[in-house]
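K.L.:
Structure supplied as coords_28.pdb; contents: PDB, C-alpha atoms.
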ATOM      1  CA  MET A   1       8.338  -1.197  15.352  1.00  0.00           C
ATOM      2  CA  THR A   2       7.303  -1.795  11.774  1.00  0.00           C
ATOM      3  CA  LYS A   3       7.344   1.018   9.253  1.00  0.00           C
ATOM      4  CA  GLN A   4       4.107   2.831   8.427  1.00  0.00           C
ATOM      5  CA  LEU A   5       3.142   1.680   4.928  1.00  0.00           C
ATOM      6  CA  TYR A   6       2.113   4.368   2.458  1.00  0.00           C
ATOM      7  CA  LEU A   7       1.231   4.954  -1.177  1.00  0.00           C
ATOM      8  CA  LYS A   8       1.149   8.332  -2.930  1.00  0.00           C
ATOM      9  CA  CYS A   9       0.022   8.700  -6.544  1.00  0.00           C
ATOM     10  CA  TRP A  10       0.368  11.560  -9.004  1.00  0.00           C
ATOM     11  CA  ILE A  11      -3.022  11.494 -10.721  1.00  0.00           C
ATOM     12  CA  GLY A  12      -3.452  13.499 -13.891  1.00  0.00           C
ATOM     13  CA  ASN A  13      -6.229  14.526 -16.250  1.00  0.00           C
ATOM     14  CA  LEU A  14      -5.781  12.211 -19.249  1.00  0.00           C
ATOM     15  CA  GLY A  15      -7.682  14.447 -21.683  1.00  0.00           C
ATOM     16  CA  LYS A  16      -5.553  17.462 -20.824  1.00  0.00           C
ATOM     17  CA  TYR A  17      -2.429  15.282 -21.069  1.00  0.00           C
ATOM     18  CA  ASN A  18      -3.430  14.197 -24.581  1.00  0.00           C
ATOM     19  CA  GLU A  19      -3.811  17.880 -25.494  1.00  0.00           C
ATOM     20  CA  GLY A  20      -0.257  18.573 -24.281  1.00  0.00           C
ATOM     21  CA  GLU A  21      -1.117  20.074 -20.893  1.00  0.00           C
ATOM     22  CA  LEU A  22       0.025  18.423 -17.671  1.00  0.00           C
ATOM     23  CA  VAL A  23      -2.725  18.820 -15.075  1.00  0.00           C
ATOM     24  CA  GLY A  24      -2.586  16.714 -11.940  1.00  0.00           C
ATOM     25  CA  GLU A  25      -1.582  16.469  -8.316  1.00  0.00           C
ATOM     26  CA  TRP A  26      -0.035  14.135  -5.722  1.00  0.00           C
ATOM     27  CA  PHE A  27      -2.563  12.334  -3.531  1.00  0.00           C
ATOM     28  CA  ASP A  28      -2.064  10.163  -0.476  1.00  0.00           C
ATOM     29  CA  MET A  29      -3.950   6.911  -0.882  1.00  0.00           C
ATOM     30  CA  PRO A  30      -6.671   6.292   0.063  1.00  0.00           C
ATOM     31  CA  CYS A  31      -8.012   9.522  -1.380  1.00  0.00           C
ATOM     32  CA  ASP A  32     -11.423  11.043  -2.007  1.00  0.00           C
ATOM     33  CA  MET A  33     -12.131  10.617  -5.729  1.00  0.00           C
ATOM     34  CA  SER A  34     -14.572  13.546  -5.790  1.00  0.00           C
ATOM     35  CA  GLU A  35     -11.754  15.757  -4.473  1.00  0.00           C
ATOM     36  CA  VAL A  36      -9.363  14.316  -7.072  1.00  0.00           C
ATOM     37  CA  SER A  37     -11.893  15.019  -9.840  1.00  0.00           C
ATOM     38  CA  LYS A  38     -12.312  18.605  -8.682  1.00  0.00           C
ATOM     39  CA  ILE A  39      -8.582  19.294  -8.338  1.00  0.00           C
ATOM     40  CA  ILE A  40      -7.522  17.792 -11.693  1.00  0.00           C
ATOM     41  CA  GLY A  41     -10.553  19.068 -13.624  1.00  0.00           C
ATOM     42  CA  LEU A  42     -12.514  15.915 -14.455  1.00  0.00           C
ATOM     43  CA  ASN A  43     -15.942  16.771 -15.874  1.00  0.00           C
ATOM     44  CA  ASP A  44     -18.231  15.952 -18.823  1.00  0.00           C
ATOM     45  CA  GLU A  45     -15.494  16.967 -21.274  1.00  0.00           C
ATOM     46  CA  TYR A  46     -12.543  15.424 -19.416  1.00  0.00           C
ATOM     47  CA  GLU A  47     -13.694  12.171 -17.834  1.00  0.00           C
ATOM     48  CA  GLU A  48     -10.522  10.075 -17.641  1.00  0.00           C
ATOM     49  CA  TYR A  49      -7.499  10.131 -15.401  1.00  0.00           C
ATOM     50  CA  GLN A  50      -4.188   8.308 -15.337  1.00  0.00           C
ATOM     51  CA  ILE A  51      -1.575   7.693 -12.689  1.00  0.00           C
ATOM     52  CA  ASN A  52       1.632   9.235 -13.997  1.00  0.00           C
ATOM     53  CA  ASP A  53       3.855   8.456 -11.015  1.00  0.00           C
ATOM     54  CA  TYR A  54       3.775   6.938  -7.547  1.00  0.00           C
ATOM     55  CA  GLU A  55       5.816   6.636  -4.363  1.00  0.00           C
ATOM     56  CA  THR A  56       5.512   3.806  -1.868  1.00  0.00           C
ATOM     57  CA  ASN A  57       7.465   1.967   0.765  1.00  0.00           C
ATOM     58  CA  ILE A  58       5.501  -1.251   0.200  1.00  0.00           C
ATOM     59  CA  ASN A  59       8.005  -3.772  -1.130  1.00  0.00           C
ATOM     60  CA  GLY A  60       6.905  -5.280  -4.436  1.00  0.00           C
ATOM     61  CA  LEU A  61       4.011  -2.871  -5.033  1.00  0.00           C
ATOM     62  CA  GLU A  62       3.942  -1.490  -8.561  1.00  0.00           C
ATOM     63  CA  VAL A  63       1.310   0.886  -9.871  1.00  0.00           C
ATOM     64  CA  ASN A  64       0.675   1.491 -13.556  1.00  0.00           C
ATOM     65  CA  HIS A  65      -0.946   4.329 -15.505  1.00  0.00           C
ATOM     66  CA  TYR A  66      -4.372   2.787 -15.752  1.00  0.00           C
ATOM     67  CA  ASP A  67      -4.807   1.264 -12.302  1.00  0.00           C
ATOM     68  CA  SER A  68      -8.132   1.948 -10.678  1.00  0.00           C
ATOM     69  CA  VAL A  69      -8.047   4.599  -7.972  1.00  0.00           C
ATOM     70  CA  LYS A  70     -10.994   2.771  -6.409  1.00  0.00           C
ATOM     71  CA  GLU A  71      -8.974  -0.486  -6.178  1.00  0.00           C
ATOM     72  CA  LEU A  72      -5.917   1.353  -4.855  1.00  0.00           C
ATOM     73  CA  ASN A  73      -8.092   3.090  -2.251  1.00  0.00           C
ATOM     74  CA  GLU A  74      -9.657  -0.206  -1.148  1.00  0.00           C
ATOM     75  CA  PHE A  75      -6.238  -1.832  -0.981  1.00  0.00           C
ATOM     76  CA  MET A  76      -4.744   0.965   1.128  1.00  0.00           C
ATOM     77  CA  GLU A  77      -7.785   1.025   3.420  1.00  0.00           C
ATOM     78  CA  ARG A  78      -7.112  -2.656   4.114  1.00  0.00           C
ATOM     79  CA  VAL A  79      -3.380  -2.014   4.514  1.00  0.00           C
ATOM     80  CA  ASP A  80      -4.173   0.623   7.148  1.00  0.00           C
ATOM     81  CA  THR A  81      -5.902  -2.061   9.251  1.00  0.00           C
ATOM     82  CA  LEU A  82      -2.870  -4.376   9.347  1.00  0.00           C
ATOM     83  CA  SER A  83      -1.000  -4.956  12.566  1.00  0.00           C
ATOM     84  CA  ASP A  84       2.784  -4.547  12.688  1.00  0.00           C
ATOM     85  CA  TRP A  85       3.405  -8.289  12.338  1.00  0.00           C
ATOM     86  CA  GLN A  86       1.095  -8.553   9.291  1.00  0.00           C
ATOM     87  CA  GLN A  87       2.824  -5.859   7.228  1.00  0.00           C
ATOM     88  CA  PRO A  88       5.911  -7.883   6.223  1.00  0.00           C
ATOM     89  CA  ILE A  89       3.662 -10.825   5.349  1.00  0.00           C
ATOM     90  CA  LEU A  90       1.669  -8.648   2.946  1.00  0.00           C
ATOM     91  CA  GLU A  91       4.854  -7.305   1.345  1.00  0.00           C
ATOM     92  CA  ALA A  92       6.273 -10.791   0.875  1.00  0.00           C
ATOM     93  CA  TYR A  93       2.954 -12.019  -0.509  1.00  0.00           C
ATOM     94  CA  ILE A  94       2.948  -9.202  -3.082  1.00  0.00           C
ATOM     95  CA  PHE A  95       6.352 -10.412  -4.328  1.00  0.00           C
ATOM     96  CA  ASN A  96       4.935 -13.879  -5.014  1.00  0.00           C
ATOM     97  CA  ASN A  97       1.599 -12.894  -6.559  1.00  0.00           C
ATOM     98  CA  ASP A  98       0.128 -10.626  -9.175  1.00  0.00           C
ATOM     99  CA  ILE A  99      -0.713  -7.392  -7.382  1.00  0.00           C
ATOM    100  CA  ARG A 100      -4.051  -7.235  -9.228  1.00  0.00           C
ATOM    101  CA  ASP A 101      -5.034 -10.518  -7.527  1.00  0.00           C
ATOM    102  CA  VAL A 102      -3.992  -9.111  -4.164  1.00  0.00           C
ATOM    103  CA  PHE A 103      -6.143  -6.009  -4.793  1.00  0.00           C
ATOM    104  CA  LYS A 104      -9.156  -8.155  -5.665  1.00  0.00           C
ATOM    105  CA  ASP A 105      -8.789 -10.809  -2.976  1.00  0.00           C
ATOM    106  CA  PHE A 106      -6.951  -9.294  -0.042  1.00  0.00           C
ATOM    107  CA  ASP A 107      -8.432 -11.990   2.190  1.00  0.00           C
ATOM    108  CA  SER A 108      -6.337 -14.613   0.388  1.00  0.00           C
ATOM    109  CA  VAL A 109      -3.152 -13.264   2.001  1.00  0.00           C
ATOM    110  CA  PRO A 110      -2.051 -16.180   4.227  1.00  0.00           C
ATOM    111  CA  PHE A 111      -1.411 -14.328   7.477  1.00  0.00           C
ATOM    112  CA  ASP A 112      -1.512 -17.593   9.468  1.00  0.00           C
ATOM    113  CA  ASP A 113       0.643 -19.909   7.327  1.00  0.00           C
ATOM    114  CA  VAL A 114       3.931 -18.074   7.730  1.00  0.00           C
ATOM    115  CA  ARG A 115       6.958 -17.582   9.926  1.00  0.00           C
ATOM    116  CA  ILE A 116       8.813 -14.270  10.094  1.00  0.00           C
ATOM    117  CA  TYR A 117      12.561 -14.084  10.697  1.00  0.00           C
ATOM    118  CA  TYR A 118      14.138 -10.810  11.773  1.00  0.00           C
ATOM    119  CA  ASN A 119      17.786  -9.774  11.478  1.00  0.00           C
ATOM    120  CA  VAL A 120      18.598 -12.322   8.782  1.00  0.00           C
ATOM    121  CA  GLU A 121      20.461 -11.670   5.535  1.00  0.00           C
ATOM    122  CA  ASP A 122      20.451 -15.099   3.904  1.00  0.00           C
ATOM    123  CA  MET A 123      19.307 -18.696   4.281  1.00  0.00           C
ATOM    124  CA  GLU A 124      22.248 -19.523   6.551  1.00  0.00           C
ATOM    125  CA  ASP A 125      20.982 -16.889   9.007  1.00  0.00           C
ATOM    126  CA  VAL A 126      17.454 -18.296   8.662  1.00  0.00           C
ATOM    127  CA  ALA A 127      18.769 -21.790   9.436  1.00  0.00           C
ATOM    128  CA  ARG A 128      20.532 -20.490  12.560  1.00  0.00           C
ATOM    129  CA  GLU A 129      17.383 -18.697  13.718  1.00  0.00           C
ATOM    130  CA  TYR A 130      15.233 -21.751  13.002  1.00  0.00           C
ATOM    131  CA  ALA A 131      17.599 -24.033  14.939  1.00  0.00           C
ATOM    132  CA  GLU A 132      17.570 -21.652  17.894  1.00  0.00           C
ATOM    133  CA  GLU A 133      13.762 -21.188  17.907  1.00  0.00           C
ATOM    134  CA  THR A 134      13.002 -24.901  17.622  1.00  0.00           C
ATOM    135  CA  GLY A 135      15.794 -26.217  19.837  1.00  0.00           C
ATOM    136  CA  LEU A 136      16.989 -28.332  16.922  1.00  0.00           C
ATOM    137  CA  LEU A 137      20.499 -28.693  18.311  1.00  0.00           C
ATOM    138  CA  SER A 138      19.610 -28.883  21.995  1.00  0.00           C
ATOM    139  CA  SER A 139      20.358 -32.634  22.204  1.00  0.00           C
ATOM    140  CA  ILE A 140      23.816 -32.173  20.642  1.00  0.00           C
ATOM    141  CA  PRO A 141      26.689 -31.444  23.060  1.00  0.00           C
ATOM    142  CA  GLU A 142      27.756 -27.793  23.032  1.00  0.00           C
ATOM    143  CA  ASN A 143      31.280 -28.566  21.778  1.00  0.00           C
ATOM    144  CA  LEU A 144      29.855 -30.328  18.667  1.00  0.00           C
ATOM    145  CA  ARG A 145      27.250 -27.691  17.684  1.00  0.00           C
ATOM    146  CA  ASN A 146      29.903 -25.618  15.896  1.00  0.00           C
ATOM    147  CA  TYR A 147      30.259 -28.393  13.320  1.00  0.00           C
ATOM    148  CA  PHE A 148      26.652 -28.145  12.187  1.00  0.00           C
ATOM    149  CA  ASP A 149      26.446 -26.934   8.544  1.00  0.00           C
ATOM    150  CA  PHE A 150      23.931 -24.068   8.693  1.00  0.00           C
ATOM    151  CA  GLU A 151      24.555 -23.127   5.066  1.00  0.00           C
ATOM    152  CA  ALA A 152      23.536 -26.590   3.827  1.00  0.00           C
ATOM    153  CA  PHE A 153      20.630 -26.732   6.265  1.00  0.00           C
ATOM    154  CA  GLY A 154      19.416 -23.328   5.033  1.00  0.00           C
ATOM    155  CA  ARG A 155      19.575 -24.542   1.441  1.00  0.00           C
ATOM    156  CA  ASP A 156      17.527 -27.620   2.401  1.00  0.00           C
ATOM    157  CA  LEU A 157      14.970 -25.488   4.231  1.00  0.00           C
ATOM    158  CA  SER A 158      14.423 -23.504   1.042  1.00  0.00           C
ATOM    159  CA  TYR A 159      13.217 -26.665  -0.714  1.00  0.00           C
ATOM    160  CA  ASP A 160      10.288 -27.096   1.684  1.00  0.00           C
ATOM    161  CA  SER A 161       8.922 -23.542   1.817  1.00  0.00           C
ATOM    162  CA  THR A 162       9.034 -20.222  -0.025  1.00  0.00           C
ATOM    163  CA  PHE A 163      11.272 -17.619   1.601  1.00  0.00           C
ATOM    164  CA  VAL A 164      11.010 -13.943   0.653  1.00  0.00           C
ATOM    165  CA  PHE A 165      13.688 -11.536   1.864  1.00  0.00           C
ATOM    166  CA  LEU A 166      12.548  -7.954   2.415  1.00  0.00           C
ATOM    167  CA  ASP A 167      14.331  -4.735   3.328  1.00  0.00           C
ATOM    168  CA  ASN A 168      15.691  -4.344   6.846  1.00  0.00           C
ATOM    169  CA  ASP A 169      16.853  -7.968   7.074  1.00  0.00           C
ATOM    170  CA  VAL A 170      13.372  -9.460   7.355  1.00  0.00           C
ATOM    171  CA  CYS A 171      12.491 -12.813   5.790  1.00  0.00           C
ATOM    172  CA  VAL A 172       8.994 -14.279   5.499  1.00  0.00           C
ATOM    173  CA  GLU A 173       8.548 -18.018   5.098  1.00  0.00           C
ATOM    174  CA  PHE A 174       5.390 -19.285   3.404  1.00  0.00           C
ATOM    175  CA  TYR A 175       4.729 -22.929   4.227  1.00  0.00           C
ATOM    176  CA  HIS A 176       3.905 -25.207   1.304  1.00  0.00           C
TER     177      HIS A 176
END
Is it possible to express this structure as structure tokens?

P.N.:
Amino acid sequence: MTKQLYLKCWIGNLGKYNEGELVGEWFDMPCDMSEVSKIIGLNDEYEEYQINDYETNINGLEVNHYDSVKELNEFMERVDTLSDWQQPILEAYIFNNDIRDVFKDFDSVPFDDVRIYYNVEDMEDVAREYAEETGLLSSIPENLRNYFDFEAFGRDLSYDSTFVFLDNDVCVEFYH
């Protein structure tokens, strides 16, 4: 079972902050911006907010002070629709791309042009998994298979694709 992805942001009233008063609250994303405005006191006098902190379990996701709550909401709404097998692909894709581009063009995430490896720590493990999945060594007698150099094969595999290692020993391969 894949982890449930989340993003929480501490959103503060920028005008109050500039006056030396810290007014804000933690919000689970996606959030209702009208509720945020009410809670942190946005109005005609105080119109701007900033994100002062965030918590997430989405590998590679970084949020800055002036990110758009609207974009973060749209992003998390899309994240909530992902299946378990798509979540690691999104996380790996974030590592290789500017998160702002991912926010704007979520549909560019290549959910079909990938392979996911589980329980792997390095390229040698990936090479072993690849050989097992594809039957690469099936024509080699059992007593000779132990002489196959998985470390070198893993290194060579890394030349043909992009491999991103995530938490929990998951690796996502993006085909070139």

K.L.:
Is there a way to get, as a list in words, all residues within 8 Å of the point (-5.5, 7.3, -5.5) in file coordinates, counting all atoms listed in the file?

P.N.:
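Residues satisfying the cut-off, written out: Lys8, Cys9, Ile11, Phe27, Asp28, Met29, Pro30, Cys31, Asp32, Met33, Ser68, Val69, Lys70, Leu72 and Asn73 of chain A.
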
K.L.:
For the atom pair CA of Val79 (chain A) and CA of His65 (chain A), what is the interatomic distance in Å to one decimal place?

P.N.:
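According to the coordinates, CA of Val79 (chain A) and CA of His65 (chain A) are separated by 21.1 Å.
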
K.L.:
List the spatial neighbours of Asn18 (chain A) as a PyMOL selection string - criterion: any atom at most 12 Å away, all atoms listed in the file, same-chain residues fewer than 5 positions off excluded.

P.N.:
chain A and resi 12-13+23+46+48-50

K.L.:
In terms of the shortest atom-to-atom distance over only C-alpha atoms, which of A:Leu42, A:Ile58, A:Ile51, A:Val36 is closest to Leu7 (chain A)?

P.N.:
A:Ile58

K.L.:
Hey, can you check how far CA of Ile94 (chain A) sits from CA of Asp113 (chain A)?

P.N.:
15.1 Å

K.L.:
For region 109-133 of chain A, which lacks atoms in the input, supply N, CA, C and O atoms and format the output as a compact mmCIF listing (two decimals), in the coordinates of the input.

P.N.:
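Result went into rebuild-v6.txt, see below:
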# COMPACT_ATOMS: atom_id res chain seq x y z
N VAL A 109 -4.49 -13.38 1.44
CA VAL A 109 -3.15 -13.26 2.00
C VAL A 109 -3.07 -14.20 3.21
O VAL A 109 -3.86 -14.10 4.14
N PRO A 110 -2.11 -15.14 3.18
CA PRO A 110 -2.05 -16.18 4.23
C PRO A 110 -1.35 -15.70 5.50
O PRO A 110 -0.23 -16.10 5.80
N PHE A 111 -2.03 -14.88 6.28
CA PHE A 111 -1.41 -14.33 7.48
C PHE A 111 -1.10 -15.39 8.54
O PHE A 111 -0.30 -15.16 9.43
N ASP A 112 -1.72 -16.56 8.45
CA ASP A 112 -1.51 -17.59 9.47
C ASP A 112 -0.50 -18.66 9.07
O ASP A 112 0.03 -19.35 9.94
N ASP A 113 -0.24 -18.84 7.80
CA ASP A 113 0.64 -19.91 7.33
C ASP A 113 2.05 -19.41 7.02
O ASP A 113 2.60 -19.67 5.96
N VAL A 114 2.62 -18.67 7.95
CA VAL A 114 3.93 -18.07 7.73
C VAL A 114 4.76 -18.08 9.01
O VAL A 114 4.24 -18.27 10.11
N ARG A 115 6.04 -17.84 8.81
CA ARG A 115 6.96 -17.58 9.93
C ARG A 115 7.79 -16.38 9.48
O ARG A 115 8.20 -16.30 8.34
N ILE A 116 8.03 -15.46 10.40
CA ILE A 116 8.81 -14.27 10.09
C ILE A 116 10.14 -14.36 10.84
O ILE A 116 10.17 -14.66 12.04
N TYR A 117 11.22 -14.11 10.12
CA TYR A 117 12.56 -14.08 10.70
C TYR A 117 13.08 -12.65 10.62
O TYR A 117 13.02 -12.03 9.56
N TYR A 118 13.59 -12.16 11.72
CA TYR A 118 14.14 -10.81 11.77
C TYR A 118 15.66 -10.89 11.89
O TYR A 118 16.20 -11.86 12.41
N ASN A 119 16.32 -9.87 11.40
CA ASN A 119 17.79 -9.77 11.48
C ASN A 119 18.47 -10.94 10.77
O ASN A 119 19.42 -11.52 11.30
N VAL A 120 17.98 -11.27 9.59
CA VAL A 120 18.60 -12.32 8.78
C VAL A 120 18.90 -11.76 7.40
O VAL A 120 18.13 -11.00 6.85
N GLU A 121 20.06 -12.15 6.85
CA GLU A 121 20.46 -11.67 5.54
C GLU A 121 20.39 -12.75 4.46
O GLU A 121 20.33 -12.44 3.28
N ASP A 122 20.43 -14.01 4.88
CA ASP A 122 20.45 -15.10 3.90
C ASP A 122 19.90 -16.37 4.55
O ASP A 122 19.52 -16.37 5.73
N MET A 123 19.88 -17.46 3.78
CA MET A 123 19.31 -18.70 4.28
C MET A 123 20.15 -19.31 5.40
O MET A 123 19.61 -20.02 6.26
N GLU A 124 21.42 -19.04 5.44
CA GLU A 124 22.25 -19.52 6.55
C GLU A 124 21.78 -18.89 7.86
O GLU A 124 21.65 -19.56 8.89
N ASP A 125 21.50 -17.57 7.81
CA ASP A 125 20.98 -16.89 9.01
C ASP A 125 19.61 -17.45 9.39
O ASP A 125 19.31 -17.61 10.58
N VAL A 126 18.78 -17.72 8.39
CA VAL A 126 17.45 -18.30 8.66
C VAL A 126 17.62 -19.65 9.35
O VAL A 126 16.92 -19.96 10.33
N ALA A 127 18.54 -20.47 8.85
CA ALA A 127 18.77 -21.79 9.44
C ALA A 127 19.21 -21.66 10.89
O ALA A 127 18.76 -22.43 11.76
N ARG A 128 20.08 -20.71 11.18
CA ARG A 128 20.53 -20.49 12.56
C ARG A 128 19.35 -20.09 13.45
O ARG A 128 19.19 -20.60 14.56
N GLU A 129 18.54 -19.16 12.95
CA GLU A 129 17.38 -18.70 13.72
C GLU A 129 16.39 -19.84 13.94
O GLU A 129 15.86 -20.02 15.04
N TYR A 130 16.15 -20.61 12.91
CA TYR A 130 15.23 -21.75 13.00
C TYR A 130 15.74 -22.76 14.04
O TYR A 130 14.97 -23.24 14.89
N ALA A 131 17.02 -23.07 13.99
CA ALA A 131 17.60 -24.03 14.94
C ALA A 131 17.48 -23.53 16.37
O ALA A 131 17.16 -24.29 17.29
N GLU A 132 17.69 -22.22 16.55
CA GLU A 132 17.57 -21.65 17.89
C GLU A 132 16.12 -21.67 18.38
O GLU A 132 15.84 -22.06 19.52
N GLU A 133 15.18 -21.24 17.52
CA GLU A 133 13.76 -21.19 17.91
C GLU A 133 13.19 -22.57 18.23
O GLU A 133 12.37 -22.70 19.13
